[in-house]
$ cat structure_13.pdb   # PDB, C-alpha atoms and all ligand atoms
ATOM      1  CA  MET A 232      64.499 211.308 173.037
ATOM      2  CA  ALA A 233      61.749 209.045 171.854
ATOM      3  CA  ARG A 234      61.503 205.286 171.847
ATOM      4  CA  MET A 235      64.725 203.493 171.140
ATOM      5  CA  ASN A 236      63.204 200.407 169.615
ATOM      6  CA  GLY A 237      60.436 201.587 167.374
ATOM      7  CA  ASN A 238      59.670 198.058 166.275
ATOM      8  CA  GLY A 239      60.178 195.601 169.098
ATOM      9  CA  ALA A 240      58.919 192.677 167.029
ATOM     10  CA  ASP A 241      61.850 192.803 164.639
ATOM     11  CA  GLU A 242      64.356 192.800 167.452
ATOM     12  CA  TRP A 243      62.672 189.917 169.219
ATOM     13  CA  GLU A 244      63.331 187.669 166.248
ATOM     14  CA  GLY A 245      67.000 187.813 167.054
ATOM     15  CA  GLY A 246      66.262 186.609 170.586
ATOM     16  CA  GLY A 247      68.206 187.822 173.577
ATOM     17  CA  SER A 248      67.449 190.991 175.454
ATOM     18  CA  LEU A 249      66.023 194.143 173.999
ATOM     19  CA  PRO A 250      67.562 197.586 173.983
ATOM     20  CA  PRO A 251      65.783 199.848 176.450
ATOM     21  CA  ALA A 252      62.466 201.299 175.355
ATOM     22  CA  ALA A 253      61.255 204.228 177.384
ATOM     23  CA  ALA A 254      58.900 207.123 176.937
ATOM     24  CA  SER A 255      58.283 210.493 178.482
ATOM     25  CA  VAL A 256      54.969 211.338 180.106
ATOM     26  CA  ALA A 257      53.472 214.776 180.434
ATOM     27  CA  LEU A 258      50.373 215.707 182.398
ATOM     28  CA  ASP A 259      48.933 218.961 181.214
ATOM     29  CA  ARG A 260      46.457 220.630 183.581
ATOM     30  CA  VAL A 261      44.621 217.409 184.322
ATOM     31  CA  GLY A 262      41.368 217.700 186.239
ATOM     32  CA  LYS A 263      38.716 215.201 187.226
ATOM     33  CA  THR A 264      35.249 215.736 188.615
ATOM     34  CA  TYR A 265      33.270 212.669 189.642
ATOM     35  CA  SER A 266      29.588 212.748 190.146
ATOM     36  CA  ALA A 267      28.623 211.085 193.430
ATOM     37  CA  ASP A 268      24.828 210.746 193.675
ATOM     38  CA  GLY A 269      24.456 213.815 191.511
ATOM     39  CA  ASP A 270      26.880 215.902 193.589
ATOM     40  CA  PRO A 271      30.141 216.820 191.900
ATOM     41  CA  VAL A 272      33.348 215.630 193.623
ATOM     42  CA  ARG A 273      36.476 217.419 192.465
ATOM     43  CA  ALA A 274      39.073 214.629 192.685
ATOM     44  CA  LEU A 275      41.865 216.353 190.742
ATOM     45  CA  ASP A 276      42.488 219.967 189.924
ATOM     46  CA  ASP A 277      45.035 221.424 187.528
ATOM     47  CA  VAL A 278      47.630 218.661 187.847
ATOM     48  CA  SER A 279      50.696 219.234 185.695
ATOM     49  CA  PHE A 280      54.045 217.472 185.869
ATOM     50  CA  SER A 281      56.191 215.391 183.609
ATOM     51  CA  VAL A 282      58.293 212.260 183.771
ATOM     52  CA  ALA A 283      61.384 212.096 181.601
ATOM     53  CA  ASP A 284      62.442 209.195 179.443
ATOM     54  CA  GLY A 285      63.862 206.530 181.798
ATOM     55  CA  GLU A 286      63.065 208.470 184.956
ATOM     56  CA  PHE A 287      61.612 206.940 188.145
ATOM     57  CA  VAL A 288      58.943 209.208 189.607
ATOM     58  CA  CYS A 289      56.860 208.471 192.701
ATOM     59  CA  LEU A 290      53.513 210.047 193.406
ATOM     60  CA  VAL A 291      52.728 210.342 197.123
ATOM     61  CA  GLY A 292      49.915 211.906 199.068
ATOM     62  CA  PRO A 293      47.274 211.225 201.693
ATOM     63  CA  SER A 294      44.478 208.750 201.149
ATOM     64  CA  GLY A 295      41.789 210.237 198.916
ATOM     65  CA  CYS A 296      43.996 212.863 197.255
ATOM     66  CA  GLY A 297      43.381 211.348 193.840
ATOM     67  CA  LYS A 298      46.435 209.137 193.290
ATOM     68  CA  THR A 299      44.474 206.204 191.893
ATOM     69  CA  THR A 300      42.352 208.543 189.804
ATOM     70  CA  LEU A 301      45.508 210.034 188.322
ATOM     71  CA  PHE A 302      47.020 206.593 187.759
ATOM     72  CA  ARG A 303      43.885 205.469 185.916
ATOM     73  CA  ILE A 304      43.827 208.622 183.779
ATOM     74  CA  VAL A 305      47.477 208.116 182.753
ATOM     75  CA  ALA A 306      46.714 204.447 182.013
ATOM     76  CA  GLY A 307      43.809 205.477 179.786
ATOM     77  CA  LEU A 308      41.324 203.644 182.033
ATOM     78  CA  THR A 309      39.502 206.768 183.261
ATOM     79  CA  GLU A 310      38.735 209.866 181.235
ATOM     80  CA  ALA A 311      39.958 213.220 182.552
ATOM     81  CA  THR A 312      37.409 216.020 182.814
ATOM     82  CA  ASP A 313      40.039 218.627 181.926
ATOM     83  CA  GLY A 314      43.499 218.645 180.430
ATOM     84  CA  ARG A 315      45.364 215.788 178.846
ATOM     85  CA  VAL A 316      48.116 213.222 179.216
ATOM     86  CA  LEU A 317      50.820 212.878 176.596
ATOM     87  CA  LEU A 318      52.940 209.777 176.119
ATOM     88  CA  ASP A 319      55.939 210.728 174.018
ATOM     89  CA  GLY A 320      53.912 213.676 172.781
ATOM     90  CA  THR A 321      50.864 211.648 171.778
ATOM     91  CA  GLU A 322      47.636 212.103 173.714
ATOM     92  CA  VAL A 323      46.493 209.063 175.689
ATOM     93  CA  THR A 324      42.916 208.253 174.728
ATOM     94  CA  GLY A 325      42.607 204.701 176.055
ATOM     95  CA  PRO A 326      44.590 201.714 177.286
ATOM     96  CA  THR A 327      47.646 200.886 175.187
ATOM     97  CA  THR A 328      50.350 198.231 175.182
ATOM     98  CA  ASP A 329      52.878 201.079 175.350
ATOM     99  CA  MET A 330      52.211 200.981 179.102
ATOM    100  CA  GLY A 331      52.607 198.115 181.520
ATOM    101  CA  VAL A 332      50.189 198.478 184.406
ATOM    102  CA  VAL A 333      50.519 196.939 187.872
ATOM    103  CA  PHE A 334      47.689 197.301 190.391
ATOM    104  CA  GLN A 335      47.716 196.840 194.153
ATOM    105  CA  GLU A 336      45.646 193.692 193.823
ATOM    106  CA  TYR A 337      47.565 191.237 191.728
ATOM    107  CA  HIS A 338      44.887 190.675 189.087
ATOM    108  CA  LEU A 339      46.368 187.312 188.114
ATOM    109  CA  PHE A 340      44.251 184.737 186.332
ATOM    110  CA  PRO A 341      43.879 181.854 188.815
ATOM    111  CA  TRP A 342      43.243 179.264 186.086
ATOM    112  CA  LEU A 343      46.500 180.093 184.268
ATOM    113  CA  THR A 344      50.009 179.053 185.278
ATOM    114  CA  VAL A 345      52.681 181.606 186.145
ATOM    115  CA  ALA A 346      54.128 181.359 182.622
ATOM    116  CA  GLU A 347      50.672 181.685 181.036
ATOM    117  CA  ASN A 348      49.905 184.731 183.164
ATOM    118  CA  VAL A 349      53.181 186.376 182.146
ATOM    119  CA  GLY A 350      52.546 185.556 178.481
ATOM    120  CA  PHE A 351      48.941 186.729 178.524
ATOM    121  CA  GLY A 352      49.555 190.106 176.887
ATOM    122  CA  LEU A 353      51.668 188.469 174.195
ATOM    123  CA  GLU A 354      48.802 186.294 172.974
ATOM    124  CA  ARG A 355      47.438 189.113 170.883
ATOM    125  CA  SER A 356      50.818 190.006 169.425
ATOM    126  CA  ASP A 357      52.047 188.690 166.117
ATOM    127  CA  ARG A 358      55.002 186.906 167.700
ATOM    128  CA  SER A 359      55.456 183.227 167.011
ATOM    129  CA  PRO A 360      54.859 180.755 169.861
ATOM    130  CA  ASP A 361      58.633 180.253 170.129
ATOM    131  CA  GLU A 362      59.286 183.970 170.449
ATOM    132  CA  ARG A 363      56.564 184.301 173.046
ATOM    133  CA  GLU A 364      57.992 181.478 175.088
ATOM    134  CA  ARG A 365      61.470 182.968 174.950
ATOM    135  CA  ARG A 366      60.115 186.299 176.111
ATOM    136  CA  VAL A 367      58.191 184.699 178.977
ATOM    137  CA  ASP A 368      61.320 182.828 180.105
ATOM    138  CA  GLU A 369      63.353 186.011 179.944
ATOM    139  CA  MET A 370      60.805 187.853 182.110
ATOM    140  CA  LEU A 371      60.590 184.985 184.618
ATOM    141  CA  GLY A 372      64.375 185.098 184.916
ATOM    142  CA  LEU A 373      64.252 188.849 185.456
ATOM    143  CA  VAL A 374      61.941 188.507 188.476
ATOM    144  CA  GLY A 375      63.490 185.266 189.775
ATOM    145  CA  LEU A 376      60.532 182.968 189.144
ATOM    146  CA  THR A 377      61.959 180.562 186.583
ATOM    147  CA  GLU A 378      61.355 177.509 188.722
ATOM    148  CA  PHE A 379      57.728 178.485 189.326
ATOM    149  CA  ARG A 380      56.777 178.777 185.672
ATOM    150  CA  ASP A 381      54.245 175.918 185.857
ATOM    151  CA  ALA A 382      52.819 176.788 189.278
ATOM    152  CA  TYR A 383      49.362 178.310 189.742
ATOM    153  CA  PRO A 384      48.854 181.653 191.506
ATOM    154  CA  LYS A 385      47.119 180.115 194.526
ATOM    155  CA  SER A 386      50.331 178.351 195.537
ATOM    156  CA  LEU A 387      52.355 181.601 195.525
ATOM    157  CA  SER A 388      53.016 184.113 198.301
ATOM    158  CA  GLY A 389      51.877 187.715 197.912
ATOM    159  CA  GLY A 390      55.375 188.853 197.000
ATOM    160  CA  MET A 391      55.670 186.182 194.324
ATOM    161  CA  LYS A 392      52.278 187.059 192.885
ATOM    162  CA  GLN A 393      53.353 190.666 192.575
ATOM    163  CA  ARG A 394      56.549 189.548 190.810
ATOM    164  CA  VAL A 395      54.357 187.697 188.313
ATOM    165  CA  ALA A 396      52.295 190.856 187.807
ATOM    166  CA  ILE A 397      55.478 192.874 187.189
ATOM    167  CA  ALA A 398      56.822 190.270 184.752
ATOM    168  CA  ARG A 399      53.499 190.290 182.920
ATOM    169  CA  ALA A 400      53.515 194.086 182.682
ATOM    170  CA  LEU A 401      57.062 194.044 181.304
ATOM    171  CA  ALA A 402      56.533 191.168 178.871
ATOM    172  CA  VAL A 403      55.065 193.328 176.131
ATOM    173  CA  ASP A 404      58.082 195.637 176.455
ATOM    174  CA  PRO A 405      56.123 198.776 177.371
ATOM    175  CA  ASP A 406      57.706 202.209 177.277
ATOM    176  CA  LEU A 407      56.202 203.099 180.645
ATOM    177  CA  LEU A 408      55.681 201.035 183.765
ATOM    178  CA  LEU A 409      52.757 202.381 185.752
ATOM    179  CA  MET A 410      52.225 201.070 189.285
ATOM    180  CA  ASP A 411      49.553 201.862 191.903
ATOM    181  CA  GLU A 412      50.616 200.870 195.440
ATOM    182  CA  PRO A 413      51.938 197.582 194.056
ATOM    183  CA  PHE A 414      53.554 196.474 197.325
ATOM    184  CA  GLY A 415      50.740 197.587 199.620
ATOM    185  CA  ALA A 416      49.551 194.057 200.374
ATOM    186  CA  VAL A 417      52.843 192.396 201.348
ATOM    187  CA  ASP A 418      54.717 192.366 204.660
ATOM    188  CA  ALA A 419      57.416 194.963 205.363
ATOM    189  CA  GLN A 420      60.370 192.654 204.750
ATOM    190  CA  THR A 421      59.058 191.371 201.418
ATOM    191  CA  ARG A 422      58.206 194.913 200.495
ATOM    192  CA  GLU A 423      61.801 196.078 200.898
ATOM    193  CA  MET A 424      63.019 193.116 198.884
ATOM    194  CA  LEU A 425      60.552 193.899 196.081
ATOM    195  CA  GLN A 426      61.674 197.526 196.122
ATOM    196  CA  ARG A 427      65.297 196.453 195.610
ATOM    197  CA  GLU A 428      64.268 194.071 192.857
ATOM    198  CA  LEU A 429      62.207 196.722 191.124
ATOM    199  CA  LEU A 430      65.202 199.071 191.143
ATOM    200  CA  ASP A 431      67.313 196.290 189.590
ATOM    201  CA  VAL A 432      64.670 195.723 186.900
ATOM    202  CA  TRP A 433      64.476 199.456 186.266
ATOM    203  CA  ALA A 434      68.272 199.705 185.987
ATOM    204  CA  SER A 435      68.468 196.775 183.588
ATOM    205  CA  THR A 436      65.479 197.688 181.393
ATOM    206  CA  GLY A 437      65.757 201.495 181.382
ATOM    207  CA  LYS A 438      61.966 201.864 181.578
ATOM    208  CA  THR A 439      60.226 205.040 182.592
ATOM    209  CA  VAL A 440      58.386 204.370 185.868
ATOM    210  CA  LEU A 441      55.494 206.213 187.476
ATOM    211  CA  PHE A 442      54.891 204.642 190.873
ATOM    212  CA  VAL A 443      52.033 205.568 193.212
ATOM    213  CA  THR A 444      52.417 205.031 196.958
ATOM    214  CA  HIS A 445      51.279 206.524 200.239
ATOM    215  CA  ASP A 446      54.455 205.187 201.893
ATOM    216  CA  VAL A 447      56.916 208.070 202.094
ATOM    217  CA  ALA A 448      59.957 205.882 202.886
ATOM    218  CA  GLU A 449      59.132 203.762 199.845
ATOM    219  CA  ALA A 450      59.054 206.868 197.661
ATOM    220  CA  VAL A 451      62.399 208.087 199.035
ATOM    221  CA  THR A 452      63.901 204.613 198.472
ATOM    222  CA  LEU A 453      62.807 204.472 194.848
ATOM    223  CA  ALA A 454      62.346 207.834 193.209
ATOM    224  CA  ASP A 455      64.470 210.243 191.227
ATOM    225  CA  ARG A 456      61.710 212.753 191.940
ATOM    226  CA  ILE A 457      58.682 212.689 194.208
ATOM    227  CA  VAL A 458      55.471 214.420 193.239
ATOM    228  CA  VAL A 459      53.806 215.288 196.550
ATOM    229  CA  MET A 460      50.047 215.720 196.330
ATOM    230  CA  ALA A 461      47.559 217.491 198.557
ATOM    231  CA  ALA A 462      43.858 216.648 198.916
ATOM    232  CA  ASP A 463      40.519 218.430 198.486
ATOM    233  CA  PRO A 464      40.898 218.920 195.632
ATOM    234  CA  GLY A 465      43.730 216.604 194.641
ATOM    235  CA  ARG A 466      46.607 218.700 193.347
ATOM    236  CA  VAL A 467      50.377 218.895 193.212
ATOM    237  CA  ARG A 468      51.811 220.436 196.366
ATOM    238  CA  GLU A 469      55.479 220.193 195.443
ATOM    239  CA  VAL A 470      57.906 218.161 193.400
ATOM    240  CA  VAL A 471      60.922 217.009 195.403
ATOM    241  CA  ASP A 472      64.199 215.999 193.750
ATOM    242  CA  VAL A 473      65.763 213.098 195.666
ATOM    243  CA  ASP A 474      69.429 213.903 195.403
ATOM    244  CA  VAL A 475      70.817 210.734 197.016
ATOM    245  CA  GLY A 476      72.792 207.998 195.253
ATOM    246  CA  ARG A 477      71.542 204.402 195.086
ATOM    247  CA  PRO A 478      71.350 202.045 196.822
ATOM    248  CA  ARG A 479      69.857 204.211 199.527
ATOM    249  CA  GLU A 480      70.105 203.277 203.159
ATOM    250  CA  ARG A 481      67.190 204.000 205.444
ATOM    251  CA  GLY A 482      69.591 204.678 208.293
ATOM    252  CA  ASP A 483      71.376 207.515 206.460
ATOM    253  CA  ALA A 484      70.851 211.082 207.607
ATOM    254  CA  ALA A 485      70.034 212.280 204.074
ATOM    255  CA  PHE A 486      67.369 209.580 203.725
ATOM    256  CA  ALA A 487      65.717 210.602 207.011
ATOM    257  CA  GLU A 488      65.867 214.221 205.975
ATOM    258  CA  TYR A 489      63.947 213.577 202.753
ATOM    259  CA  VAL A 490      61.388 211.447 204.570
ATOM    260  CA  GLY A 491      60.868 214.246 207.088
ATOM    261  CA  ARG A 492      60.550 216.864 204.398
ATOM    262  CA  VAL A 493      57.997 214.929 202.347
ATOM    263  CA  ARG A 494      55.976 214.045 205.487
ATOM    264  CA  GLU A 495      55.921 217.701 206.402
ATOM    265  CA  LEU A 496      54.623 218.623 202.942
ATOM    266  CA  ILE A 497      51.906 215.981 203.197
ATOM    267  CA  GLY A 498      50.943 217.067 206.697
ATOM    268  CA  ALA A 499      50.888 220.780 205.874
ATOM    269  CA  GLY A 500      47.458 222.390 205.810
ATOM    270  CA  PRO A 501      45.506 223.307 202.691
TER     271      PRO A 501
HETATM  272  P1  LIG B 601      43.710 207.901 196.428
HETATM  273  O1  LIG B 601      44.100 206.821 195.482
HETATM  274  O2  LIG B 601      44.740 208.984 196.580
HETATM  275  O3  LIG B 601      43.336 207.351 197.785
HETATM  276  P2  LIG B 601      41.326 208.192 194.754
HETATM  277  O4  LIG B 601      41.773 208.574 193.415
HETATM  278  O5  LIG B 601      40.943 206.769 194.965
HETATM  279  O6  LIG B 601      42.403 208.651 195.858
HETATM  280  O7  LIG B 601      40.074 209.104 195.159
HETATM  281  C1  LIG B 601      40.106 210.534 195.061
HETATM  282  C2  LIG B 601      38.727 211.099 195.385
HETATM  283  O8  LIG B 601      37.813 210.762 194.354
HETATM  284  C3  LIG B 601      38.107 210.589 196.681
HETATM  285  O9  LIG B 601      37.383 211.629 197.258
HETATM  286  C4  LIG B 601      37.194 209.489 196.199
HETATM  287  O10 LIG B 601      36.121 209.309 197.098
HETATM  288  C5  LIG B 601      36.707 210.022 194.869
HETATM  289  N1  LIG B 601      36.405 208.935 193.912
HETATM  290  C6  LIG B 601      37.270 208.010 193.451
HETATM  291  N2  LIG B 601      36.692 207.196 192.558
HETATM  292  C7  LIG B 601      35.404 207.630 192.449
HETATM  293  C8  LIG B 601      34.265 207.216 191.681
HETATM  294  N3  LIG B 601      34.351 206.191 190.831
HETATM  295  N4  LIG B 601      33.114 207.904 191.830
HETATM  296  C9  LIG B 601      33.029 208.955 192.676
HETATM  297  N5  LIG B 601      34.059 209.398 193.422
HETATM  298  C10 LIG B 601      35.229 208.758 193.317
HETATM  299 MG    MG B 602      44.509 204.747 195.684
END
$ encode --input "structure_13.pdb" --output "structure tokens" --more "lines below"
Ligand code: ADP
Ligand code: MG
Amino acid sequence: MARMNGNGADEWEGGGSLPPAAASVALDRVGKTYSADGDPVRALDDVSFSVADGEFVCLVGPSGCGKTTLFRIVAGLTEATDGRVLLDGTEVTGPTTDMGVVFQEYHLFPWLTVAENVGFGLERSDRSPDERERRVDEMLGLVGLTEFRDAYPKSLSGGMKQRVAIARALAVDPDLLLMDEPFGAVDAQTREMLQRELLDVWASTGKTVLFVTHDVAEAVTLADRIVVMAADPGRVREVVDVDVGRPRERGDAAFAEYVGRVRELIGAGP
């Protein structure tokens, strides 16, 4: 089904939390050819898959297989050469507030406080200052940063910065959360903590998530389904259903089995 809160602004006036808003995503034969010094580079070829309303899908594949290119095309930041991306049936033609985007680098504004960073996307909305502040506080609570609301990014750890980036992406109540290797720059322990937190946020907000990673164990920890890509040209090798309940334990036999299977798919020849 389509979005559950067609007009978020109305519901915000009542305060409190919002009903889940989620969207489906469909990639329809997406292709991308870059031109590198005049020579064509086929980065993506005939990529089709979909993400259902409220589903958590991970995209994995070797370095250079076109994950970031695909992420940017879905986000409306890069134009596809072929095919199209549909968000709830509507073609994506540019960046939209229907998507919350989180990059590997935190992209926080160093001159703004944590609260100001989280509220940045709300500045252009027609919400009153009170509503905006309430929303920012709600998001800070969601990612456990309430007591850091007046801190500046430079005083935060990498994990905290990425929590700010996630809170900022969620603040505008997007239908889709789109993430490109968001935990790539933090240590292993923090990374596992952020993964658990992200799953909690996903469970409580009901968002659709498309999450790019080259870390197979991360994909098996998070995803309902894993889209495994191959390189040269970037394409879908296989889509793997992760049929394991959550929370998932890395020590479990089923977990190891999925990791092995996905690694095998990635390592398989052309
Ligand atoms: P991944 O994120 O999986 O590592 P990318 O999407 O970054 O892969 O890159 C896919 C391919 O496209 C690579 O061969 C890369 O060199 C090429 N590529 C990416 N961005 C550009 C660009 N702006 N211009 C030319 N080639 C690019
Ligand atoms: Mg990349």
$ closest_atom_pairs --input "structure_13.pdb" --of "chain A" --to "ligand LIG 601 (chain B)" --cutoff "9 Å" --atoms "all atoms listed in the file" --output "tab-separated table"
residue	atom	partner	partner_atom	distance
A:Lys263	CA	B:LIG601	O8	8.4
A:Thr264	CA	B:LIG601	O8	8.0
A:Tyr265	CA	B:LIG601	C9	4.8
A:Ser266	CA	B:LIG601	C9	5.7
A:Ala267	CA	B:LIG601	C9	5.0
A:Asp268	CA	B:LIG601	C9	8.5
A:Pro271	CA	B:LIG601	C9	8.4
A:Val272	CA	B:LIG601	N5	6.3
A:Arg273	CA	B:LIG601	O8	7.0
A:Ala274	CA	B:LIG601	O8	4.4
A:Leu275	CA	B:LIG601	C1	7.5
A:Val291	CA	B:LIG601	O2	8.1
A:Gly292	CA	B:LIG601	O2	6.4
A:Pro293	CA	B:LIG601	O2	6.1
A:Ser294	CA	B:LIG601	O3	3.8
A:Gly295	CA	B:LIG601	O3	3.5
A:Cys296	CA	B:LIG601	O2	4.0
A:Gly297	CA	B:LIG601	O4	3.2
A:Lys298	CA	B:LIG601	O2	3.7
A:Thr299	CA	B:LIG601	O1	3.7
A:Thr300	CA	B:LIG601	O4	3.7
A:Leu301	CA	B:LIG601	O4	6.5
A:Phe302	CA	B:LIG601	O4	8.0
A:Arg303	CA	B:LIG601	O4	8.4
A:Asp411	CA	B:LIG601	O1	8.2
A:Glu412	CA	B:LIG601	O1	8.8
A:Val443	CA	B:LIG601	O1	8.3
A:Thr444	CA	B:LIG601	O1	8.6
A:His445	CA	B:LIG601	O2	7.9
A:Met460	CA	B:LIG601	O2	8.6
A:Ala462	CA	B:LIG601	O2	8.1
A:Asp463	CA	B:LIG601	O9	7.6
A:Pro464	CA	B:LIG601	C2	8.1
A:Gly465	CA	B:LIG601	C1	7.1
$ residues_around --input "structure_13.pdb" --residues "Glu378 (chain A)" --least-positions-apart "6" --cutoff "10 Å" --atoms "only C-alpha atoms" --output "list in words"
Val345, Leu371 and Gly372 of chain A
$ residues_around --input "structure_13.pdb" --residues "Ala419 (chain A)" --least-positions-apart "4" --cutoff "12 Å" --atoms "all atoms listed in the file" --output "list in words"
Gly389, Gly390, Phe414, Gly415, Glu423, Met424, Leu425, Gln426, Asp446, Ala448 and Glu449 of chain A
$ residues_around --input "structure_13.pdb" --residues "Leu408 (chain A)" --least-positions-apart "5" --cutoff "6 Å" --atoms "all atoms listed in the file" --output "PyMOL selection string"
chain A and resi 330-331+440
$ resolve_selection --input "structure_13.pdb" --expression "the PyMOL selection byres (((chain A and resi 335-337) around 6) and not hetatm)" --output "list in words"
Phe334, His338, Leu339, Gln393, Asp411, Glu412 and Pro413 of chain A
$ residues_around --input "structure_13.pdb" --residues "region 279-282 of chain A" --least-positions-apart "5" --cutoff "7 Å" --atoms "only C-alpha atoms" --output "VMD selection string"
chain A and resid 255 to 261 288
$ resolve_selection --input "structure_13.pdb" --expression "the PyMOL selection byres (((chain A and resi 317-329) around 9) and not hetatm)" --output "ChimeraX atom specification"
/A:232-234,254-259,284,304-310,315-316,330-331,352,403-408
$ resolve_selection --input "structure_13.pdb" --expression "the PyMOL selection byres (((chain A and resi 453) around 8) and not hetatm)" --output "JSON, numbers by chain"
{"A": [287, 289, 426, 430, 449, 450, 451, 452, 454, 455]}
$ build_atoms --input "structure_13.pdb" --residues "region 395-408 of chain A" --atoms "N, CA and C atoms" --output "compact mmCIF listing (two decimals), in the coordinates of the input"
# COMPACT_ATOMS: atom_id res chain seq x y z
N VAL A 395 55.00 188.17 189.55
CA VAL A 395 54.36 187.70 188.31
C VAL A 395 53.68 188.88 187.61
N ALA A 396 53.00 189.71 188.40
CA ALA A 396 52.30 190.86 187.81
C ALA A 396 53.29 191.81 187.14
N ILE A 397 54.46 191.99 187.77
CA ILE A 397 55.48 192.87 187.19
C ILE A 397 56.04 192.25 185.91
N ALA A 398 56.31 190.95 185.95
CA ALA A 398 56.82 190.27 184.75
C ALA A 398 55.81 190.35 183.61
N ARG A 399 54.54 190.21 183.95
CA ARG A 399 53.50 190.29 182.92
C ARG A 399 53.44 191.70 182.31
N ALA A 400 53.56 192.71 183.18
CA ALA A 400 53.52 194.09 182.68
C ALA A 400 54.71 194.37 181.77
N LEU A 401 55.86 193.77 182.09
CA LEU A 401 57.06 194.04 181.30
C LEU A 401 57.15 193.21 180.03
N ALA A 402 56.38 192.12 179.97
CA ALA A 402 56.53 191.17 178.87
C ALA A 402 56.31 191.80 177.50
N VAL A 403 55.37 192.72 177.43
CA VAL A 403 55.06 193.33 176.13
C VAL A 403 56.04 194.47 175.81
N ASP A 404 57.07 194.60 176.64
CA ASP A 404 58.08 195.64 176.46
C ASP A 404 57.48 197.04 176.35
N PRO A 405 56.75 197.45 177.40
CA PRO A 405 56.12 198.78 177.37
C PRO A 405 57.17 199.87 177.50
N ASP A 406 56.80 201.07 177.12
CA ASP A 406 57.71 202.21 177.28
C ASP A 406 57.61 202.79 178.68
N LEU A 407 56.46 202.53 179.32
CA LEU A 407 56.20 203.10 180.64
C LEU A 407 55.64 202.02 181.55
N LEU A 408 56.20 201.94 182.75
CA LEU A 408 55.68 201.04 183.76
C LEU A 408 54.92 201.90 184.77
